[in-house]
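S.K.: So that you have it, the file is target07.pdb, and it contains PDB, N, CA, C and O atoms:
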ATOM      1  N   MET K   1     -23.146  45.884 116.191
ATOM      2  CA  MET K   1     -23.407  44.496 115.867
ATOM      3  C   MET K   1     -24.862  44.381 115.404
ATOM      4  O   MET K   1     -25.759  44.890 116.034
ATOM      5  N   ASN K   2     -25.061  43.665 114.323
ATOM      6  CA  ASN K   2     -26.403  43.512 113.756
ATOM      7  C   ASN K   2     -26.869  42.082 113.955
ATOM      8  O   ASN K   2     -26.598  41.209 113.143
ATOM      9  N   ASP K   3     -27.531  41.844 115.068
ATOM     10  CA  ASP K   3     -28.062  40.514 115.366
ATOM     11  C   ASP K   3     -29.475  40.405 114.842
ATOM     12  O   ASP K   3     -30.370  41.059 115.354
ATOM     13  N   GLN K   4     -29.668  39.609 113.824
ATOM     14  CA  GLN K   4     -31.013  39.423 113.287
ATOM     15  C   GLN K   4     -31.446  37.988 113.539
ATOM     16  O   GLN K   4     -30.750  37.054 113.170
ATOM     17  N   THR K   5     -32.574  37.872 114.193
ATOM     18  CA  THR K   5     -33.158  36.551 114.387
ATOM     19  C   THR K   5     -34.518  36.556 113.732
ATOM     20  O   THR K   5     -35.223  37.564 113.742
ATOM     21  N   THR K   6     -34.863  35.460 113.139
ATOM     22  CA  THR K   6     -36.160  35.375 112.485
ATOM     23  C   THR K   6     -37.017  34.360 113.206
ATOM     24  O   THR K   6     -36.535  33.332 113.674
ATOM     25  N   ALA K   7     -38.279  34.680 113.303
ATOM     26  CA  ALA K   7     -39.232  33.754 113.916
ATOM     27  C   ALA K   7     -39.459  32.590 112.956
ATOM     28  O   ALA K   7     -39.436  32.763 111.745
ATOM     29  N   PRO K   8     -39.646  31.414 113.492
ATOM     30  CA  PRO K   8     -39.935  30.287 112.596
ATOM     31  C   PRO K   8     -41.235  30.542 111.841
ATOM     32  O   PRO K   8     -42.122  31.236 112.332
ATOM     33  N   GLU K   9     -41.299  30.010 110.658
ATOM     34  CA  GLU K   9     -42.484  30.198 109.825
ATOM     35  C   GLU K   9     -43.716  29.670 110.547
ATOM     36  O   GLU K   9     -43.699  28.574 111.091
ATOM     37  N   LEU K  10     -44.761  30.460 110.565
ATOM     38  CA  LEU K  10     -45.999  30.069 111.220
ATOM     39  C   LEU K  10     -47.001  29.675 110.152
ATOM     40  O   LEU K  10     -47.479  30.508 109.397
ATOM     41  N   ARG K  11     -47.295  28.408 110.070
ATOM     42  CA  ARG K  11     -48.241  27.895 109.085
ATOM     43  C   ARG K  11     -49.601  27.807 109.745
ATOM     44  O   ARG K  11     -49.742  27.200 110.803
ATOM     45  N   LEU K  12     -50.596  28.433 109.139
ATOM     46  CA  LEU K  12     -51.966  28.380 109.633
ATOM     47  C   LEU K  12     -52.848  27.674 108.621
ATOM     48  O   LEU K  12     -52.731  27.897 107.423
ATOM     49  N   TYR K  13     -53.725  26.841 109.129
ATOM     50  CA  TYR K  13     -54.692  26.136 108.296
ATOM     51  C   TYR K  13     -56.083  26.592 108.685
ATOM     52  O   TYR K  13     -56.360  26.800 109.866
ATOM     53  N   ASP K  14     -56.980  26.706 107.710
ATOM     54  CA  ASP K  14     -58.383  26.916 108.067
ATOM     55  C   ASP K  14     -59.061  25.548 108.019
ATOM     56  O   ASP K  14     -58.462  24.550 107.612
ATOM     57  N   LEU K  15     -60.292  25.492 108.467
ATOM     58  CA  LEU K  15     -60.960  24.190 108.561
ATOM     59  C   LEU K  15     -61.200  23.563 107.188
ATOM     60  O   LEU K  15     -61.220  22.340 107.068
ATOM     61  N   LYS K  16     -61.340  24.381 106.157
ATOM     62  CA  LYS K  16     -61.502  23.830 104.805
ATOM     63  C   LYS K  16     -60.232  23.121 104.356
ATOM     64  O   LYS K  16     -60.297  22.090 103.699
ATOM     65  N   ASP K  17     -59.060  23.678 104.718
ATOM     66  CA  ASP K  17     -57.796  22.997 104.430
ATOM     67  C   ASP K  17     -57.752  21.643 105.149
ATOM     68  O   ASP K  17     -57.346  20.638 104.577
ATOM     69  N   LEU K  18     -58.165  21.662 106.411
ATOM     70  CA  LEU K  18     -58.088  20.445 107.218
ATOM     71  C   LEU K  18     -59.064  19.375 106.765
ATOM     72  O   LEU K  18     -58.808  18.182 106.959
ATOM     73  N   GLN K  19     -60.167  19.767 106.144
ATOM     74  CA  GLN K  19     -61.088  18.780 105.584
ATOM     75  C   GLN K  19     -60.344  17.892 104.595
ATOM     76  O   GLN K  19     -60.486  16.670 104.608
ATOM     77  N   LYS K  20     -59.561  18.515 103.736
ATOM     78  CA  LYS K  20     -58.818  17.776 102.713
ATOM     79  C   LYS K  20     -57.680  16.967 103.330
ATOM     80  O   LYS K  20     -57.453  15.827 102.957
ATOM     81  N   ILE K  21     -56.977  17.571 104.272
ATOM     82  CA  ILE K  21     -55.821  16.913 104.885
ATOM     83  C   ILE K  21     -56.237  15.704 105.715
ATOM     84  O   ILE K  21     -55.637  14.633 105.619
ATOM     85  N   LEU K  22     -57.293  15.870 106.524
ATOM     86  CA  LEU K  22     -57.706  14.817 107.453
ATOM     87  C   LEU K  22     -58.798  13.911 106.908
ATOM     88  O   LEU K  22     -59.051  12.845 107.470
ATOM     89  N   GLY K  23     -59.474  14.353 105.855
ATOM     90  CA  GLY K  23     -60.520  13.527 105.264
ATOM     91  C   GLY K  23     -61.774  13.425 106.113
ATOM     92  O   GLY K  23     -62.410  12.375 106.150
ATOM     93  N   VAL K  24     -62.084  14.503 106.830
ATOM     94  CA  VAL K  24     -63.300  14.534 107.643
ATOM     95  C   VAL K  24     -64.134  15.743 107.237
ATOM     96  O   VAL K  24     -63.649  16.651 106.566
ATOM     97  N   SER K  25     -65.375  15.759 107.671
ATOM     98  CA  SER K  25     -66.276  16.852 107.296
ATOM     99  C   SER K  25     -65.996  18.114 108.103
ATOM    100  O   SER K  25     -65.378  18.072 109.174
ATOM    101  N   TYR K  26     -66.484  19.225 107.597
ATOM    102  CA  TYR K  26     -66.363  20.514 108.276
ATOM    103  C   TYR K  26     -67.049  20.452 109.633
ATOM    104  O   TYR K  26     -66.516  20.918 110.630
ATOM    105  N   ARG K  27     -68.207  19.810 109.660
ATOM    106  CA  ARG K  27     -68.973  19.683 110.909
ATOM    107  C   ARG K  27     -68.195  18.887 111.965
ATOM    108  O   ARG K  27     -68.186  19.239 113.143
ATOM    109  N   THR K  28     -67.522  17.828 111.542
ATOM    110  CA  THR K  28     -66.697  17.037 112.463
ATOM    111  C   THR K  28     -65.562  17.877 113.018
ATOM    112  O   THR K  28     -65.265  17.821 114.225
ATOM    113  N   LEU K  29     -64.940  18.682 112.170
ATOM    114  CA  LEU K  29     -63.864  19.558 112.634
ATOM    115  C   LEU K  29     -64.380  20.558 113.658
ATOM    116  O   LEU K  29     -63.714  20.835 114.656
ATOM    117  N   LEU K  30     -65.584  21.094 113.431
ATOM    118  CA  LEU K  30     -66.178  22.016 114.401
ATOM    119  C   LEU K  30     -66.405  21.323 115.739
ATOM    120  O   LEU K  30     -66.209  21.926 116.800
ATOM    121  N   LYS K  31     -66.789  20.051 115.707
ATOM    122  CA  LYS K  31     -66.964  19.295 116.954
ATOM    123  C   LYS K  31     -65.637  19.126 117.676
ATOM    124  O   LYS K  31     -65.567  19.252 118.897
ATOM    125  N   TYR K  32     -64.568  18.820 116.929
ATOM    126  CA  TYR K  32     -63.242  18.686 117.533
ATOM    127  C   TYR K  32     -62.801  19.994 118.174
ATOM    128  O   TYR K  32     -62.240  20.004 119.264
ATOM    129  N   VAL K  33     -63.045  21.108 117.489
ATOM    130  CA  VAL K  33     -62.679  22.421 118.030
ATOM    131  C   VAL K  33     -63.512  22.717 119.275
ATOM    132  O   VAL K  33     -62.978  23.145 120.304
ATOM    133  N   GLY K  34     -64.810  22.470 119.204
ATOM    134  CA  GLY K  34     -65.702  22.729 120.334
ATOM    135  C   GLY K  34     -65.364  21.917 121.568
ATOM    136  O   GLY K  34     -65.478  22.396 122.696
ATOM    137  N   SER K  35     -64.913  20.692 121.362
ATOM    138  CA  SER K  35     -64.577  19.824 122.495
ATOM    139  C   SER K  35     -63.163  20.078 123.017
ATOM    140  O   SER K  35     -62.795  19.556 124.073
ATOM    141  N   GLY K  36     -62.381  20.837 122.262
ATOM    142  CA  GLY K  36     -61.002  21.099 122.666
ATOM    143  C   GLY K  36     -59.998  20.077 122.178
ATOM    144  O   GLY K  36     -58.808  20.199 122.447
ATOM    145  N   GLU K  37     -60.464  19.055 121.464
ATOM    146  CA  GLU K  37     -59.545  18.051 120.924
ATOM    147  C   GLU K  37     -58.583  18.668 119.913
ATOM    148  O   GLU K  37     -57.424  18.265 119.835
ATOM    149  N   LEU K  38     -59.095  19.603 119.136
ATOM    150  CA  LEU K  38     -58.297  20.327 118.151
ATOM    151  C   LEU K  38     -58.258  21.790 118.571
ATOM    152  O   LEU K  38     -59.303  22.445 118.629
ATOM    153  N   LYS K  39     -57.080  22.277 118.912
ATOM    154  CA  LYS K  39     -56.955  23.664 119.362
ATOM    155  C   LYS K  39     -56.939  24.587 118.160
ATOM    156  O   LYS K  39     -56.152  24.394 117.231
ATOM    157  N   ALA K  40     -57.818  25.577 118.204
ATOM    158  CA  ALA K  40     -57.945  26.531 117.110
ATOM    159  C   ALA K  40     -58.283  27.898 117.666
ATOM    160  O   ALA K  40     -58.777  28.020 118.784
ATOM    161  N   ARG K  41     -58.012  28.904 116.878
ATOM    162  CA  ARG K  41     -58.359  30.291 117.232
ATOM    163  C   ARG K  41     -59.234  30.850 116.130
ATOM    164  O   ARG K  41     -59.021  30.562 114.953
ATOM    165  N   LYS K  42     -60.192  31.653 116.527
ATOM    166  CA  LYS K  42     -61.043  32.292 115.544
ATOM    167  C   LYS K  42     -60.414  33.628 115.165
ATOM    168  O   LYS K  42     -60.182  34.483 116.016
ATOM    169  N   ILE K  43     -60.124  33.784 113.908
ATOM    170  CA  ILE K  43     -59.566  35.026 113.377
ATOM    171  C   ILE K  43     -60.567  35.540 112.351
ATOM    172  O   ILE K  43     -60.781  34.903 111.313
ATOM    173  N   GLY K  44     -61.193  36.647 112.694
ATOM    174  CA  GLY K  44     -62.285  37.122 111.848
ATOM    175  C   GLY K  44     -63.435  36.147 111.946
ATOM    176  O   GLY K  44     -63.901  35.826 113.034
ATOM    177  N   ARG K  45     -63.844  35.625 110.820
ATOM    178  CA  ARG K  45     -64.938  34.649 110.796
ATOM    179  C   ARG K  45     -64.467  33.208 110.649
ATOM    180  O   ARG K  45     -65.276  32.290 110.585
ATOM    181  N   GLU K  46     -63.157  33.014 110.556
ATOM    182  CA  GLU K  46     -62.630  31.674 110.285
ATOM    183  C   GLU K  46     -61.826  31.126 111.453
ATOM    184  O   GLU K  46     -61.125  31.854 112.138
ATOM    185  N   TRP K  47     -61.936  29.819 111.655
ATOM    186  CA  TRP K  47     -61.108  29.119 112.621
ATOM    187  C   TRP K  47     -59.766  28.838 111.971
ATOM    188  O   TRP K  47     -59.705  28.384 110.830
ATOM    189  N   LYS K  48     -58.687  29.073 112.708
ATOM    190  CA  LYS K  48     -57.336  28.814 112.215
ATOM    191  C   LYS K  48     -56.628  27.873 113.177
ATOM    192  O   LYS K  48     -56.763  27.966 114.394
ATOM    193  N   VAL K  49     -55.856  26.958 112.604
ATOM    194  CA  VAL K  49     -55.122  25.952 113.375
ATOM    195  C   VAL K  49     -53.655  26.048 112.986
ATOM    196  O   VAL K  49     -53.320  26.062 111.799
ATOM    197  N   THR K  50     -52.776  26.128 113.980
ATOM    198  CA  THR K  50     -51.343  26.172 113.697
ATOM    199  C   THR K  50     -50.835  24.779 113.349
ATOM    200  O   THR K  50     -51.467  23.757 113.665
ATOM    201  N   GLN K  51     -49.670  24.746 112.726
ATOM    202  CA  GLN K  51     -49.038  23.468 112.401
ATOM    203  C   GLN K  51     -48.795  22.657 113.668
ATOM    204  O   GLN K  51     -49.028  21.455 113.700
ATOM    205  N   ALA K  52     -48.352  23.329 114.730
ATOM    206  CA  ALA K  52     -48.080  22.636 115.999
ATOM    207  C   ALA K  52     -49.347  22.008 116.561
ATOM    208  O   ALA K  52     -49.325  20.869 117.052
ATOM    209  N   ASN K  53     -50.473  22.727 116.506
ATOM    210  CA  ASN K  53     -51.728  22.179 117.026
ATOM    211  C   ASN K  53     -52.247  21.050 116.151
ATOM    212  O   ASN K  53     -52.817  20.086 116.649
ATOM    213  N   LEU K  54     -52.037  21.158 114.844
ATOM    214  CA  LEU K  54     -52.422  20.061 113.944
ATOM    215  C   LEU K  54     -51.589  18.824 114.245
ATOM    216  O   LEU K  54     -52.130  17.719 114.355
ATOM    217  N   ASP K  55     -50.288  19.005 114.407
ATOM    218  CA  ASP K  55     -49.405  17.869 114.729
ATOM    219  C   ASP K  55     -49.822  17.210 116.044
ATOM    220  O   ASP K  55     -49.866  15.984 116.140
ATOM    221  N   ALA K  56     -50.137  18.028 117.049
ATOM    222  CA  ALA K  56     -50.562  17.487 118.346
ATOM    223  C   ALA K  56     -51.865  16.707 118.203
ATOM    224  O   ALA K  56     -52.016  15.629 118.786
ATOM    225  N   PHE K  57     -52.794  17.220 117.418
ATOM    226  CA  PHE K  57     -54.069  16.531 117.198
ATOM    227  C   PHE K  57     -53.830  15.178 116.508
ATOM    228  O   PHE K  57     -54.375  14.148 116.931
ATOM    229  N   ILE K  58     -52.998  15.182 115.480
ATOM    230  CA  ILE K  58     -52.711  13.938 114.738
ATOM    231  C   ILE K  58     -52.022  12.918 115.636
ATOM    232  O   ILE K  58     -52.296  11.722 115.552
ATOM    233  N   ASN K  59     -51.160  13.400 116.536
ATOM    234  CA  ASN K  59     -50.421  12.510 117.421
ATOM    235  C   ASN K  59     -51.157  12.207 118.717
ATOM    236  O   ASN K  59     -50.560  11.768 119.696
ATOM    237  N   GLY K  60     -52.437  12.465 118.747
ATOM    238  CA  GLY K  60     -53.243  12.125 119.921
ATOM    239  C   GLY K  60     -53.060  13.063 121.095
ATOM    240  O   GLY K  60     -53.173  12.635 122.235
ATOM    241  N   GLY K  61     -52.733  14.321 120.833
ATOM    242  CA  GLY K  61     -52.595  15.292 121.914
ATOM    243  C   GLY K  61     -51.253  15.295 122.596
ATOM    244  O   GLY K  61     -51.074  15.910 123.620
ATOM    245  N   LYS K  62     -50.291  14.592 122.042
ATOM    246  CA  LYS K  62     -48.952  14.515 122.659
ATOM    247  C   LYS K  62     -48.049  15.588 122.123
ATOM    248  O   LYS K  62     -48.129  16.045 121.061
TER     249      LYS K  62
END
Translate this structure into structure tokens?
M.R.:
Amino acid sequence: MNDQTTAPELRLYDLKDLQKILGVSYRTLLKYVGSGELKARKIGREWKVTQANLDAFINGGK
């Protein structure tokens, strides 16, 4: 039996993407990340935000 399951697509945004999407400055996004309001991971030199974390941030952390 060949059971193949695929992981849901994982969309990652960098902070430059989020500047355009949210209409805020890069510095403001860094403050949100630093305070924990926006959950992000540093990959290499860039902060990355998943679609789920972006949705939670937009919906007020819910």
S.K.: Translate the PyMOL selection byres ((chain K and resi 12) around 7), as applied to the file shown, into an explicit residue set as a ChimeraX atom specification.
M.R.: /K:10-11,13-14,48-51
S.K.: Could you state the separation of atom N of K:Lys16 and atom N of K:Trp47 in Å, given to one decimal place?
M.R.: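 Result for atom N of K:Lys16 versus atom N of K:Trp47: 7.8 Å, one decimal.
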S.K.: What does the distance from atom CA of K:Asp17 to atom CA of K:Gly60 come to in Å, to one decimal?
M.R.: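 Spanning atom CA of K:Asp17 to atom CA of K:Gly60 is a straight-line distance of 19.5 Å.
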S.K.: With the file shown as input, list the residues that the PyMOL selection byres ((chain K and resi 37) around 8) selects, as a ChimeraX atom specification.
M.R.: /K:29-36,38-40,53-54,56-58,60-61
S.K.: Just to confirm, what's the straight-line distance from atom CA of K:Ile43 to atom O of K:Asn59 in Å (one decimal)?
M.R.: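 Atom CA of K:Ile43 sits 25.7 Å away from atom O of K:Asn59.
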S.K.: As a list in words, please: every residue in chain K that a backbone DSSP assignment puts in helix (DSSP H, G or I).
M.R.: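 For chain K, the helix (DSSP H, G or I) set is Leu15, Lys16, Asp17, Leu18, Gln19, Lys20, Ile21, Leu22, Tyr26, Arg27, Thr28, Leu29, Leu30, Lys31, Tyr32, Val33, Gly34, Ser35, Gln51, Ala52, Asn53, Leu54, Asp55, Ala56, Phe57 and Ile58 of chain K.
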S.K.: Using only N, CA, C and O atoms, please write the residues we just selected to a file, as an mmCIF file, keeping the file's coordinate frame.
M.R.:
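Below is the file part_12.cif, written as the result:
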data_model
loop_
_atom_site.group_PDB
_atom_site.id
_atom_site.type_symbol
_atom_site.label_atom_id
_atom_site.label_comp_id
_atom_site.auth_asym_id
_atom_site.auth_seq_id
_atom_site.Cartn_x
_atom_site.Cartn_y
_atom_site.Cartn_z
ATOM 1 N N LEU K 15 -60.292 25.492 108.467
ATOM 2 C CA LEU K 15 -60.960 24.190 108.561
ATOM 3 C C LEU K 15 -61.200 23.563 107.188
ATOM 4 O O LEU K 15 -61.220 22.340 107.068
ATOM 5 N N LYS K 16 -61.340 24.381 106.157
ATOM 6 C CA LYS K 16 -61.502 23.830 104.805
ATOM 7 C C LYS K 16 -60.232 23.121 104.356
ATOM 8 O O LYS K 16 -60.297 22.090 103.699
ATOM 9 N N ASP K 17 -59.060 23.678 104.718
ATOM 10 C CA ASP K 17 -57.796 22.997 104.430
ATOM 11 C C ASP K 17 -57.752 21.643 105.149
ATOM 12 O O ASP K 17 -57.346 20.638 104.577
ATOM 13 N N LEU K 18 -58.165 21.662 106.411
ATOM 14 C CA LEU K 18 -58.088 20.445 107.218
ATOM 15 C C LEU K 18 -59.064 19.375 106.765
ATOM 16 O O LEU K 18 -58.808 18.182 106.959
ATOM 17 N N GLN K 19 -60.167 19.767 106.144
ATOM 18 C CA GLN K 19 -61.088 18.780 105.584
ATOM 19 C C GLN K 19 -60.344 17.892 104.595
ATOM 20 O O GLN K 19 -60.486 16.670 104.608
ATOM 21 N N LYS K 20 -59.561 18.515 103.736
ATOM 22 C CA LYS K 20 -58.818 17.776 102.713
ATOM 23 C C LYS K 20 -57.680 16.967 103.330
ATOM 24 O O LYS K 20 -57.453 15.827 102.957
ATOM 25 N N ILE K 21 -56.977 17.571 104.272
ATOM 26 C CA ILE K 21 -55.821 16.913 104.885
ATOM 27 C C ILE K 21 -56.237 15.704 105.715
ATOM 28 O O ILE K 21 -55.637 14.633 105.619
ATOM 29 N N LEU K 22 -57.293 15.870 106.524
ATOM 30 C CA LEU K 22 -57.706 14.817 107.453
ATOM 31 C C LEU K 22 -58.798 13.911 106.908
ATOM 32 O O LEU K 22 -59.051 12.845 107.470
ATOM 33 N N TYR K 26 -66.484 19.225 107.597
ATOM 34 C CA TYR K 26 -66.363 20.514 108.276
ATOM 35 C C TYR K 26 -67.049 20.452 109.633
ATOM 36 O O TYR K 26 -66.516 20.918 110.630
ATOM 37 N N ARG K 27 -68.207 19.810 109.660
ATOM 38 C CA ARG K 27 -68.973 19.683 110.909
ATOM 39 C C ARG K 27 -68.195 18.887 111.965
ATOM 40 O O ARG K 27 -68.186 19.239 113.143
ATOM 41 N N THR K 28 -67.522 17.828 111.542
ATOM 42 C CA THR K 28 -66.697 17.037 112.463
ATOM 43 C C THR K 28 -65.562 17.877 113.018
ATOM 44 O O THR K 28 -65.265 17.821 114.225
ATOM 45 N N LEU K 29 -64.940 18.682 112.170
ATOM 46 C CA LEU K 29 -63.864 19.558 112.634
ATOM 47 C C LEU K 29 -64.380 20.558 113.658
ATOM 48 O O LEU K 29 -63.714 20.835 114.656
ATOM 49 N N LEU K 30 -65.584 21.094 113.431
ATOM 50 C CA LEU K 30 -66.178 22.016 114.401
ATOM 51 C C LEU K 30 -66.405 21.323 115.739
ATOM 52 O O LEU K 30 -66.209 21.926 116.800
ATOM 53 N N LYS K 31 -66.789 20.051 115.707
ATOM 54 C CA LYS K 31 -66.964 19.295 116.954
ATOM 55 C C LYS K 31 -65.637 19.126 117.676
ATOM 56 O O LYS K 31 -65.567 19.252 118.897
ATOM 57 N N TYR K 32 -64.568 18.820 116.929
ATOM 58 C CA TYR K 32 -63.242 18.686 117.533
ATOM 59 C C TYR K 32 -62.801 19.994 118.174
ATOM 60 O O TYR K 32 -62.240 20.004 119.264
ATOM 61 N N VAL K 33 -63.045 21.108 117.489
ATOM 62 C CA VAL K 33 -62.679 22.421 118.030
ATOM 63 C C VAL K 33 -63.512 22.717 119.275
ATOM 64 O O VAL K 33 -62.978 23.145 120.304
ATOM 65 N N GLY K 34 -64.810 22.470 119.204
ATOM 66 C CA GLY K 34 -65.702 22.729 120.334
ATOM 67 C C GLY K 34 -65.364 21.917 121.568
ATOM 68 O O GLY K 34 -65.478 22.396 122.696
ATOM 69 N N SER K 35 -64.913 20.692 121.362
ATOM 70 C CA SER K 35 -64.577 19.824 122.495
ATOM 71 C C SER K 35 -63.163 20.078 123.017
ATOM 72 O O SER K 35 -62.795 19.556 124.073
ATOM 73 N N GLN K 51 -49.670 24.746 112.726
ATOM 74 C CA GLN K 51 -49.038 23.468 112.401
ATOM 75 C C GLN K 51 -48.795 22.657 113.668
ATOM 76 O O GLN K 51 -49.028 21.455 113.700
ATOM 77 N N ALA K 52 -48.352 23.329 114.730
ATOM 78 C CA ALA K 52 -48.080 22.636 115.999
ATOM 79 C C ALA K 52 -49.347 22.008 116.561
ATOM 80 O O ALA K 52 -49.325 20.869 117.052
ATOM 81 N N ASN K 53 -50.473 22.727 116.506
ATOM 82 C CA ASN K 53 -51.728 22.179 117.026
ATOM 83 C C ASN K 53 -52.247 21.050 116.151
ATOM 84 O O ASN K 53 -52.817 20.086 116.649
ATOM 85 N N LEU K 54 -52.037 21.158 114.844
ATOM 86 C CA LEU K 54 -52.422 20.061 113.944
ATOM 87 C C LEU K 54 -51.589 18.824 114.245
ATOM 88 O O LEU K 54 -52.130 17.719 114.355
ATOM 89 N N ASP K 55 -50.288 19.005 114.407
ATOM 90 C CA ASP K 55 -49.405 17.869 114.729
ATOM 91 C C ASP K 55 -49.822 17.210 116.044
ATOM 92 O O ASP K 55 -49.866 15.984 116.140
ATOM 93 N N ALA K 56 -50.137 18.028 117.049
ATOM 94 C CA ALA K 56 -50.562 17.487 118.346
ATOM 95 C C ALA K 56 -51.865 16.707 118.203
ATOM 96 O O ALA K 56 -52.016 15.629 118.786
ATOM 97 N N PHE K 57 -52.794 17.220 117.418
ATOM 98 C CA PHE K 57 -54.069 16.531 117.198
ATOM 99 C C PHE K 57 -53.830 15.178 116.508
ATOM 100 O O PHE K 57 -54.375 14.148 116.931
ATOM 101 N N ILE K 58 -52.998 15.182 115.480
ATOM 102 C CA ILE K 58 -52.711 13.938 114.738
ATOM 103 C C ILE K 58 -52.022 12.918 115.636
ATOM 104 O O ILE K 58 -52.296 11.722 115.552
#
S.K.: Per DSSP on the backbone, filter chain K down to the residues in strand (DSSP E or B) and report them as JSON, numbers by chain.
M.R.: {"K": [12, 13, 14, 41, 42, 43, 46, 47, 48, 49, 50]}
